[in-house]
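A quick write-up on the structure given underneath.
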Amino acid sequence: MKTSPLFLTIRAILIVSLLGGAACSSGAPQLVIEEPEAKLSPVILGVVSVFMKIVNSGNGDDRLLSARTDIPGTLTELHDEEDGKMKTVTSMDIPANSTLVLKPGGQHLMVFKLPRTLQTGSELRIVLTFK
């Protein structure tokens, strides 16, 4: 795994949580997480950007509703970039038979208020909640 000059890579472990709710009328989603990566900011202590691919190979749409860590006191947000500026979003759509790509400069996750002792190679567990 390569490290960019602006970020230090840490390992991201993802746990998927599904909310019980209304079933999709067109079929069931089938989600797989690929290429999870977390990048620790060297400029702002305790801040991590998280990227991945969420592949929906099912026939039903789904939606990423939230993300969280199991570290007390942290804040995890869903973000998008518009006109070069980050903004918080309430959800991210994952249509049937498509891939949601969380990447720098686009949709991604941000984790704030992490322990300042977090460093390259540390493990970060993230729980994703889908519709």
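Chain labels run A, B, ... following the order of the structure tokens; each chain numbers its residues from 1, and ligands are numbered from 1 in the order shown.
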- Item | Val47 in chain A surroundings by only C-alpha atoms, 9 Å radius, close-in-sequence under 2 positions cut, as an MDAnalysis selection string | chainID A and resid 39:45 49 110:114 116
- Query: In Å, how far is it from CA of Glu35 in chain A to CA of Met52 in chain A?
  - Reply: 5.2 Å
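Between Asp80 in chain A and the candidates A:Gly105, A:Gly46, A:Pro29, A:Gly60, the tightest atom-to-atom separation, counting only C-alpha atoms, involves A:Gly105.
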- Task: Give me the residues within 7 Å of Val32 in chain A as a PyMOL selection string, counting only C-alpha atoms and dropping any in the same chain fewer than 2 places off.
- Result: chain A and resi 30+34+54-56
For N, CA, C and O atoms, I'd like the residues from the last selection saved as a compact mmCIF listing (two decimals), in the first residue's frame.
# COMPACT_ATOMS: atom_id res chain seq x y z
N GLN A 30 -27.40 -6.52 -2.68
CA GLN A 30 -26.37 -7.46 -2.26
C GLN A 30 -25.06 -6.69 -2.23
O GLN A 30 -24.48 -6.38 -3.27
N GLU A 34 -15.18 -3.30 -0.87
CA GLU A 34 -13.88 -3.58 -1.48
C GLU A 34 -12.92 -2.41 -1.24
O GLU A 34 -13.35 -1.26 -1.14
N ILE A 54 -18.25 0.31 -2.50
CA ILE A 54 -19.38 -0.48 -2.01
C ILE A 54 -20.11 -0.98 -3.25
O ILE A 54 -20.75 -0.21 -3.96
N VAL A 55 -19.96 -2.27 -3.52
CA VAL A 55 -20.52 -2.89 -4.71
C VAL A 55 -21.89 -3.47 -4.38
O VAL A 55 -22.02 -4.25 -3.44
N ASN A 56 -22.90 -3.07 -5.14
CA ASN A 56 -24.25 -3.61 -4.99
C ASN A 56 -24.54 -4.45 -6.23
O ASN A 56 -24.91 -3.93 -7.27
- Task: Could you tell me how far CA of Met86 in chain A lies from CA of Gln107 in chain A, in Å and to one decimal?
- Result: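 Separation of CA of Met86 in chain A and CA of Gln107 in chain A: 9.0 Å.
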- Item | Those in range 46-122 of chain A with strand (DSSP E) from DSSP, as a ChimeraX atom specification | /A:48-56,62-69,75-82,85-89,92-94,98-102,108-112
- Counting only C-alpha atoms, what is within 12 Å of Gly106 in chain A, bar same-chain residues fewer than 5 positions away, as a list in words? Ser49, Val50, Phe51, Met52, Leu78, His79, Asp80, Glu81, Glu82, Asp83, Gly84, Lys85, Met86, Lys87, Thr88, Val89, Met92, Leu100 and Val101 of chain A
For the residues in the current selection, export all heavy atoms as a compact mmCIF listing (two decimals), in the first residue's frame.
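Output saved as result-v3.txt:
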# COMPACT_ATOMS: atom_id res chain seq x y z
N SER A 49 -9.64 10.35 6.85
CA SER A 49 -10.53 10.21 5.70
C SER A 49 -10.60 8.73 5.36
O SER A 49 -9.58 8.05 5.38
CB SER A 49 -9.98 10.98 4.50
OG SER A 49 -9.82 12.34 4.80
N VAL A 50 -11.80 8.25 5.02
CA VAL A 50 -11.98 6.84 4.73
C VAL A 50 -12.55 6.68 3.33
O VAL A 50 -13.51 7.36 2.96
CB VAL A 50 -12.90 6.16 5.76
CG1 VAL A 50 -13.08 4.69 5.47
CG2 VAL A 50 -12.37 6.37 7.18
N PHE A 51 -11.95 5.76 2.57
CA PHE A 51 -12.35 5.52 1.18
C PHE A 51 -12.58 4.03 0.99
O PHE A 51 -12.01 3.20 1.69
CB PHE A 51 -11.25 6.00 0.24
CG PHE A 51 -10.74 7.37 0.57
CD1 PHE A 51 -9.48 7.54 1.11
CD2 PHE A 51 -11.53 8.48 0.36
CE1 PHE A 51 -9.00 8.81 1.43
CE2 PHE A 51 -11.08 9.75 0.68
CZ PHE A 51 -9.81 9.92 1.22
N MET A 52 -13.41 3.67 0.01
CA MET A 52 -13.70 2.27 -0.30
C MET A 52 -14.61 2.21 -1.51
O MET A 52 -15.09 3.24 -1.98
CB MET A 52 -14.40 1.60 0.88
CG MET A 52 -15.84 2.08 1.10
SD MET A 52 -16.58 1.59 2.64
CE MET A 52 -15.82 2.77 3.75
N LEU A 78 -20.65 11.40 6.89
CA LEU A 78 -20.65 11.13 5.46
C LEU A 78 -20.39 12.47 4.78
O LEU A 78 -21.05 13.46 5.11
CB LEU A 78 -22.00 10.58 5.01
CG LEU A 78 -22.58 9.38 5.76
CD1 LEU A 78 -23.93 9.00 5.17
CD2 LEU A 78 -21.64 8.21 5.74
N HIS A 79 -19.45 12.50 3.83
CA HIS A 79 -19.09 13.76 3.16
C HIS A 79 -19.13 13.61 1.66
O HIS A 79 -18.95 12.53 1.12
CB HIS A 79 -17.67 14.19 3.56
CG HIS A 79 -17.61 14.91 4.86
ND1 HIS A 79 -16.58 15.76 5.18
CD2 HIS A 79 -18.42 14.92 5.93
CE1 HIS A 79 -16.77 16.26 6.40
NE2 HIS A 79 -17.88 15.75 6.87
N ASP A 80 -19.32 14.74 1.00
CA ASP A 80 -19.19 14.84 -0.45
C ASP A 80 -18.43 16.14 -0.70
O ASP A 80 -18.30 16.98 0.19
CB ASP A 80 -20.57 14.88 -1.11
CG ASP A 80 -20.52 14.53 -2.59
OD1 ASP A 80 -19.41 14.39 -3.14
OD2 ASP A 80 -21.59 14.39 -3.20
N GLU A 81 -17.92 16.29 -1.90
CA GLU A 81 -17.25 17.54 -2.27
C GLU A 81 -18.00 18.18 -3.41
O GLU A 81 -18.40 17.51 -4.36
CB GLU A 81 -15.79 17.28 -2.66
CG GLU A 81 -14.93 17.03 -1.45
CD GLU A 81 -13.46 17.17 -1.73
OE1 GLU A 81 -13.06 17.97 -2.61
OE2 GLU A 81 -12.69 16.49 -1.04
N GLU A 82 -18.21 19.48 -3.27
CA GLU A 82 -18.89 20.26 -4.29
C GLU A 82 -18.13 21.55 -4.47
O GLU A 82 -17.88 22.28 -3.51
CB GLU A 82 -20.33 20.54 -3.85
CG GLU A 82 -21.21 21.15 -4.91
CD GLU A 82 -22.64 21.26 -4.44
OE1 GLU A 82 -23.31 20.23 -4.30
OE2 GLU A 82 -23.07 22.40 -4.19
N ASP A 83 -17.73 21.84 -5.69
CA ASP A 83 -16.94 23.04 -6.00
C ASP A 83 -15.69 23.11 -5.13
O ASP A 83 -15.30 24.18 -4.65
CB ASP A 83 -17.78 24.30 -5.83
CG ASP A 83 -18.97 24.34 -6.77
OD1 ASP A 83 -18.84 23.87 -7.91
OD2 ASP A 83 -20.05 24.84 -6.35
N GLY A 84 -15.05 21.96 -4.90
CA GLY A 84 -13.81 21.91 -4.14
C GLY A 84 -13.97 22.05 -2.64
O GLY A 84 -12.99 22.14 -1.92
N LYS A 85 -15.22 22.05 -2.14
CA LYS A 85 -15.46 22.20 -0.70
C LYS A 85 -16.20 20.97 -0.17
O LYS A 85 -17.13 20.48 -0.80
CB LYS A 85 -16.29 23.45 -0.42
CG LYS A 85 -15.58 24.72 -0.79
CD LYS A 85 -16.41 25.92 -0.46
CE LYS A 85 -15.69 27.19 -0.90
NZ LYS A 85 -16.44 28.38 -0.60
N MET A 86 -15.76 20.50 1.00
CA MET A 86 -16.43 19.37 1.63
C MET A 86 -17.74 19.82 2.25
O MET A 86 -17.84 20.93 2.79
CB MET A 86 -15.56 18.79 2.74
CG MET A 86 -14.54 17.81 2.26
SD MET A 86 -13.84 16.79 3.57
CE MET A 86 -13.26 18.00 4.74
N LYS A 87 -18.74 18.93 2.16
CA LYS A 87 -20.00 19.19 2.83
C LYS A 87 -20.51 17.87 3.41
O LYS A 87 -20.28 16.79 2.86
CB LYS A 87 -21.02 19.80 1.88
CG LYS A 87 -21.47 18.87 0.77
CD LYS A 87 -22.55 19.51 -0.07
CE LYS A 87 -23.07 18.49 -1.09
NZ LYS A 87 -24.20 18.99 -1.83
N THR A 88 -21.20 17.95 4.53
CA THR A 88 -21.80 16.79 5.16
C THR A 88 -23.07 16.43 4.42
O THR A 88 -23.84 17.30 4.04
CB THR A 88 -22.12 17.09 6.64
OG1 THR A 88 -20.92 17.49 7.29
CG2 THR A 88 -22.68 15.87 7.34
N VAL A 89 -23.29 15.13 4.20
CA VAL A 89 -24.52 14.65 3.57
C VAL A 89 -25.19 13.67 4.53
O VAL A 89 -24.55 13.09 5.40
CB VAL A 89 -24.25 13.99 2.19
CG1 VAL A 89 -23.71 15.02 1.21
CG2 VAL A 89 -23.30 12.81 2.29
N MET A 92 -25.96 8.23 1.27
CA MET A 92 -25.35 8.02 -0.05
C MET A 92 -26.08 6.86 -0.71
O MET A 92 -26.18 5.77 -0.14
CB MET A 92 -23.87 7.69 0.10
CG MET A 92 -23.04 8.80 0.68
SD MET A 92 -21.32 8.27 0.87
CE MET A 92 -20.63 9.73 1.65
N LEU A 100 -20.78 2.25 -5.51
CA LEU A 100 -20.55 3.56 -4.89
C LEU A 100 -19.07 3.63 -4.57
O LEU A 100 -18.56 2.79 -3.82
CB LEU A 100 -21.38 3.72 -3.61
CG LEU A 100 -21.09 4.95 -2.75
CD1 LEU A 100 -21.41 6.24 -3.51
CD2 LEU A 100 -21.84 4.88 -1.44
N VAL A 101 -18.37 4.59 -5.16
CA VAL A 101 -16.93 4.73 -4.94
C VAL A 101 -16.71 5.91 -4.01
O VAL A 101 -17.01 7.05 -4.36
CB VAL A 101 -16.18 4.93 -6.28
CG1 VAL A 101 -14.68 5.09 -6.02
CG2 VAL A 101 -16.44 3.77 -7.22
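Atom to atom, CA of Ser122 in chain A and CA of Arg63 in chain A stand 28.5 Å apart.
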